[in-house]
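Report on one structure; see the data block that follows.
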There are 2 protein chains.
Amino acid sequence: MQMLYEYFKGFGNLPNDEMDFLLSQCTIKELKKGAVLISPNHHVDSIYFLESGYLHYYTHTELGERVTLKVVSPNICWTVLDSFMNQTPAEDECVALTDVRFCELKRRDYFAIKEKSKSLSDFINRIVEQILSLKVIEANNKSKMTVEERYVDLLQKNPEMIREVPVGIIASLIGTSRETLHRIRRRLTAA
Amino acid sequence: MQMLYEYFKGFGNLPNDEMDFLLSQCTIKELKKGAVLISPNHHVDSIYFLESGYLHYYTHTELGERVTLKVVSPNICWTVLDSFMNQTPAEDECVALTDVRFCELKRRDYFAIKEKSKSLSDFINRIVEQILSLKVIEANNKSKMTVEERYVDLLQKNPEMIREVPVGIIASLIGTSRETLHRIRRRLTAA
DNA sequence: TTGTTAGCGTGTCAAATGACACATTTTTTT
DNA sequence: AAAAAAATGTGTCATTTGACACGCTAACAA
């Protein structure tokens with residue numbers, strides 16, 4: 001739980017007892033490589049915080065081609081917010097790319113925390129807003145970068161992910177084909 | 001203010017006096033075509049609700065090319081959330097594409113509303129979460145659609161925008177060049 | 001109302017991309 | 001340890017795209 005504690009601390013100070021309460025609502029779990037975390041037509045009922053490993057969140061185009069929407073890395077909170085908030089079934093799928101250790105906060109506990117006190121409610125809201133806001137910034141950056149720039153950016157900000165995740169998945173994440181990403185890598189190593 | 005009232009009602013019921021208070025914090029304003037709403041290096045200090053007209057929110061690539069991040073249409077709430085929440089200067093720019101009528105909610109009034117009562121605070125949070133959550137879904141859809149699909153999608157969901165906004169800006173919004181969008185339109189009318 | 005600017009339509013051409021095919025390596029399973 | 005499966009590296013080729021160029025029209029400002 002140490003990692004999650006550090007993560008929470010980054011969002012401002014919280015009285016010790018409230019922080020303890022917050023952490024007490026989270027459970028540590030594990031997934032084996034290849035295990036399914038979220039499957040289509042089921043509700044997403046938790047918020048996840050990764051301690052180690054990688055998750056692959058993806059969807060399919062009309063033609064059945066698989067498209068990566070996100071690779072979830074350690075040290076971030078993540079969920080499918082629309083499904084989580086509105087209890088709608090998720091359309092997409094999430095699978096463990098490696099063995100994974102994570103903390104889970106269940107939906108009912110999330111709402112219980114929000115009811116507990118104003119400071120806890122504000123604290124949690126701040127986290128949710130931050131997560132979403134980052135996602136929006138990320139989407140905007142994606143709009144203004146070329147495929148190559150996105151790759152270089154990822155390489156700088158998350159080299160471990162590049163090492164651990166299959167090339168085809170990275171390619172799909174940055175919006176190109178496996179072959180084109182390969183050309184980019186060749187060019188970059190040549191230089 | 002009627003439009004904004006209807007918009008708020010879509011987010012659930014609120015006691016009359018609280019709804020009135022909420023609306024009383026918003027001010028109606030206008031912009032002439034070409035007027036700047038947000039300029040780089042200034043804080044975004046309001047949330048906007050468009051009643052009529054279109055806004056162009058864009059950034060620039062490293063090479064100085066202009067990239068459209070969003071065309072703001074009537075009947076939606078919009079702001080640059082990161083700048084608004086964290087008081088950081090906006091990097092990007094927002095300009096009126098047409099004459100625009102909008103409601104403005106200032107930052108300090110936004111926080112005042114949140115302090116007023118738990119129901120108002122929850123109500124506002126729900127709106128912010130909804131706005132952001134929609135943006136995330138939009139970004140994910142963009143990932144799984146081709147340029148042509150995005151255009152057709154826009155055409156169905158917002159034909160008026162296609163009519164009112166210059167082709168080059170629509171092209172940039174869906175991630176392509178003016179010429180390629182032109183080819184797409186030619187193909188579509190031929191069929 | 002007239003000159004000026006912004007936006008639109010379209011053709012050509014070089015460059016980038018995706019689809020396919022296949023050999024090679026790495027990983028997983030039996 | 002062997003066999004099977006998954007992931008990778010790489011070449012060819014047809015297609016798509018972006019960049020440029022130019023004329024035309026609509027909108028706007030002097």
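Identifiers in the structure tokens: chain A, B, ... in order shown; residue index from 1 per chain; ligand index from 1 in order shown.
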
Expected answer as a PyMOL selection string: chain B residues within 8 Å of chain A, only C-alpha atoms
chain B and resi 59-61+67+69+81-82+125+129+132-133+135-136+139-140+143-145+175

Serialized selection, N, CA and C atoms, as an mmCIF file, in the first residue's frame:
data_model
loop_
_atom_site.group_PDB
_atom_site.id
_atom_site.type_symbol
_atom_site.label_atom_id
_atom_site.label_comp_id
_atom_site.auth_asym_id
_atom_site.auth_seq_id
_atom_site.Cartn_x
_atom_site.Cartn_y
_atom_site.Cartn_z
ATOM 1 N N THR B 59 -4.097 25.119 -31.216
ATOM 2 C CA THR B 59 -2.726 25.236 -30.730
ATOM 3 C C THR B 59 -1.798 25.262 -31.932
ATOM 4 N N HIS B 60 -0.504 25.241 -31.690
ATOM 5 C CA HIS B 60 0.456 25.202 -32.798
ATOM 6 C C HIS B 60 1.463 24.085 -32.581
ATOM 7 N N THR B 61 1.873 23.456 -33.667
ATOM 8 C CA THR B 61 2.919 22.439 -33.567
ATOM 9 C C THR B 61 4.269 23.132 -33.430
ATOM 10 N N VAL B 67 -3.146 23.794 -35.335
ATOM 11 C CA VAL B 67 -3.917 22.554 -35.183
ATOM 12 C C VAL B 67 -5.160 22.823 -34.344
ATOM 13 N N LEU B 69 -7.971 22.030 -31.894
ATOM 14 C CA LEU B 69 -8.215 21.067 -30.821
ATOM 15 C C LEU B 69 -9.704 20.862 -30.602
ATOM 16 N N LEU B 81 -9.851 23.059 -18.768
ATOM 17 C CA LEU B 81 -9.969 22.688 -17.373
ATOM 18 C C LEU B 81 -8.664 22.779 -16.589
ATOM 19 N N ASP B 82 -7.599 22.408 -17.217
ATOM 20 C CA ASP B 82 -6.323 22.430 -16.519
ATOM 21 C C ASP B 82 -5.971 23.842 -16.075
ATOM 22 N N ASN B 125 -20.143 19.167 -9.540
ATOM 23 C CA ASN B 125 -19.140 18.135 -9.798
ATOM 24 C C ASN B 125 -19.617 17.160 -10.858
ATOM 25 N N GLU B 129 -17.598 16.352 -14.219
ATOM 26 C CA GLU B 129 -17.225 14.972 -14.548
ATOM 27 C C GLU B 129 -17.809 14.543 -15.882
ATOM 28 N N LEU B 132 -15.886 16.137 -18.829
ATOM 29 C CA LEU B 132 -14.593 15.511 -19.051
ATOM 30 C C LEU B 132 -14.740 14.098 -19.568
ATOM 31 N N SER B 133 -15.682 13.395 -19.000
ATOM 32 C CA SER B 133 -15.889 12.019 -19.386
ATOM 33 C C SER B 133 -16.282 11.923 -20.863
ATOM 34 N N LYS B 135 -15.408 14.010 -23.126
ATOM 35 C CA LYS B 135 -14.205 14.317 -23.888
ATOM 36 C C LYS B 135 -13.327 13.071 -24.044
ATOM 37 N N VAL B 136 -13.257 12.275 -22.984
ATOM 38 C CA VAL B 136 -12.454 11.054 -23.042
ATOM 39 C C VAL B 136 -13.061 10.066 -24.030
ATOM 40 N N ALA B 139 -12.307 11.182 -27.460
ATOM 41 C CA ALA B 139 -10.922 10.887 -27.833
ATOM 42 C C ALA B 139 -10.770 9.419 -28.196
ATOM 43 N N ASN B 140 -11.402 8.544 -27.450
ATOM 44 C CA ASN B 140 -11.317 7.120 -27.749
ATOM 45 C C ASN B 140 -11.971 6.789 -29.084
ATOM 46 N N SER B 143 -9.747 7.595 -31.864
ATOM 47 C CA SER B 143 -8.708 6.586 -32.078
ATOM 48 C C SER B 143 -9.186 5.453 -32.964
ATOM 49 N N LYS B 144 -10.450 5.109 -32.839
ATOM 50 C CA LYS B 144 -10.849 3.927 -33.595
ATOM 51 C C LYS B 144 -11.543 4.235 -34.909
ATOM 52 N N MET B 145 -11.645 5.525 -35.253
ATOM 53 C CA MET B 145 -12.266 5.848 -36.534
ATOM 54 C C MET B 145 -11.242 6.351 -37.533
ATOM 55 N N GLY B 175 -8.152 15.740 -38.129
ATOM 56 C CA GLY B 175 -6.787 15.215 -38.246
ATOM 57 C C GLY B 175 -6.305 14.975 -39.657
#

Using only C-alpha atoms (C1' of nucleotides), tabulate the residues of chain B lying at most 10 Å from any atom of chain D, each with its closest atom pair and that distance in Å to one decimal, by chain and increasing residue number, as JSON lines.
{"residue": "B:Thr176", "atom": "CA", "partner": "D:DT17", "partner_atom": "C1'", "distance": 8.8}
{"residue": "B:Ser177", "atom": "CA", "partner": "D:DG18", "partner_atom": "C1'", "distance": 7.1}
{"residue": "B:Arg178", "atom": "CA", "partner": "D:DG18", "partner_atom": "C1'", "distance": 9.6}
{"residue": "B:Glu179", "atom": "CA", "partner": "D:DG18", "partner_atom": "C1'", "distance": 8.2}
{"residue": "B:Thr180", "atom": "CA", "partner": "D:DT17", "partner_atom": "C1'", "distance": 7.2}

With N, CA and C atoms kept, could you save the residues just selected as an mmCIF file, in the first residue's frame?
data_model
loop_
_atom_site.group_PDB
_atom_site.id
_atom_site.type_symbol
_atom_site.label_atom_id
_atom_site.label_comp_id
_atom_site.auth_asym_id
_atom_site.auth_seq_id
_atom_site.Cartn_x
_atom_site.Cartn_y
_atom_site.Cartn_z
ATOM 1 N N THR B 176 -6.652 15.862 -40.572
ATOM 2 C CA THR B 176 -6.142 15.687 -41.924
ATOM 3 C C THR B 176 -5.953 17.051 -42.570
ATOM 4 N N SER B 177 -5.624 17.056 -43.858
ATOM 5 C CA SER B 177 -5.407 18.322 -44.560
ATOM 6 C C SER B 177 -6.696 18.740 -45.273
ATOM 7 N N ARG B 178 -6.747 19.996 -45.609
ATOM 8 C CA ARG B 178 -7.856 20.561 -46.356
ATOM 9 C C ARG B 178 -8.106 19.777 -47.649
ATOM 10 N N GLU B 179 -7.036 19.441 -48.343
ATOM 11 C CA GLU B 179 -7.164 18.733 -49.621
ATOM 12 C C GLU B 179 -7.748 17.342 -49.439
ATOM 13 N N THR B 180 -7.280 16.623 -48.432
ATOM 14 C CA THR B 180 -7.786 15.266 -48.230
ATOM 15 C C THR B 180 -9.261 15.299 -47.849
#

Name the residues of stretch 12-180 of chain A that fall into helix (DSSP H, G or I) according to DSSP on the backbone, using the chain letters and numbers of this document, as a PyMOL selection string.
chain A and resi 16-24+81-86+107-116+118-144+147-157+159-164+167-174+178-180

Which residues of chain C come within 12 Å of chain A, and what is each one's closest atom pair and distance in Å (one decimal), counting only C-alpha atoms (C1' of nucleotides), sorted by chain and residue number, as JSON lines?
{"residue": "C:DA16", "atom": "C1'", "partner": "A:Thr180", "partner_atom": "CA", "distance": 9.2}
{"residue": "C:DT17", "atom": "C1'", "partner": "A:Thr180", "partner_atom": "CA", "distance": 7.2}
{"residue": "C:DG18", "atom": "C1'", "partner": "A:Ser177", "partner_atom": "CA", "distance": 7.1}
{"residue": "C:DA19", "atom": "C1'", "partner": "A:Glu179", "partner_atom": "CA", "distance": 9.9}
{"residue": "C:DC20", "atom": "C1'", "partner": "A:Glu179", "partner_atom": "CA", "distance": 11.3}
{"residue": "C:DT26", "atom": "C1'", "partner": "A:Pro166", "partner_atom": "CA", "distance": 12.0}
{"residue": "C:DT28", "atom": "C1'", "partner": "A:Lys33", "partner_atom": "CA", "distance": 11.8}

What's the separation between atom CA of A:Ile38 and atom CA of A:Val95, in Å to one decimal place?
7.0 Å
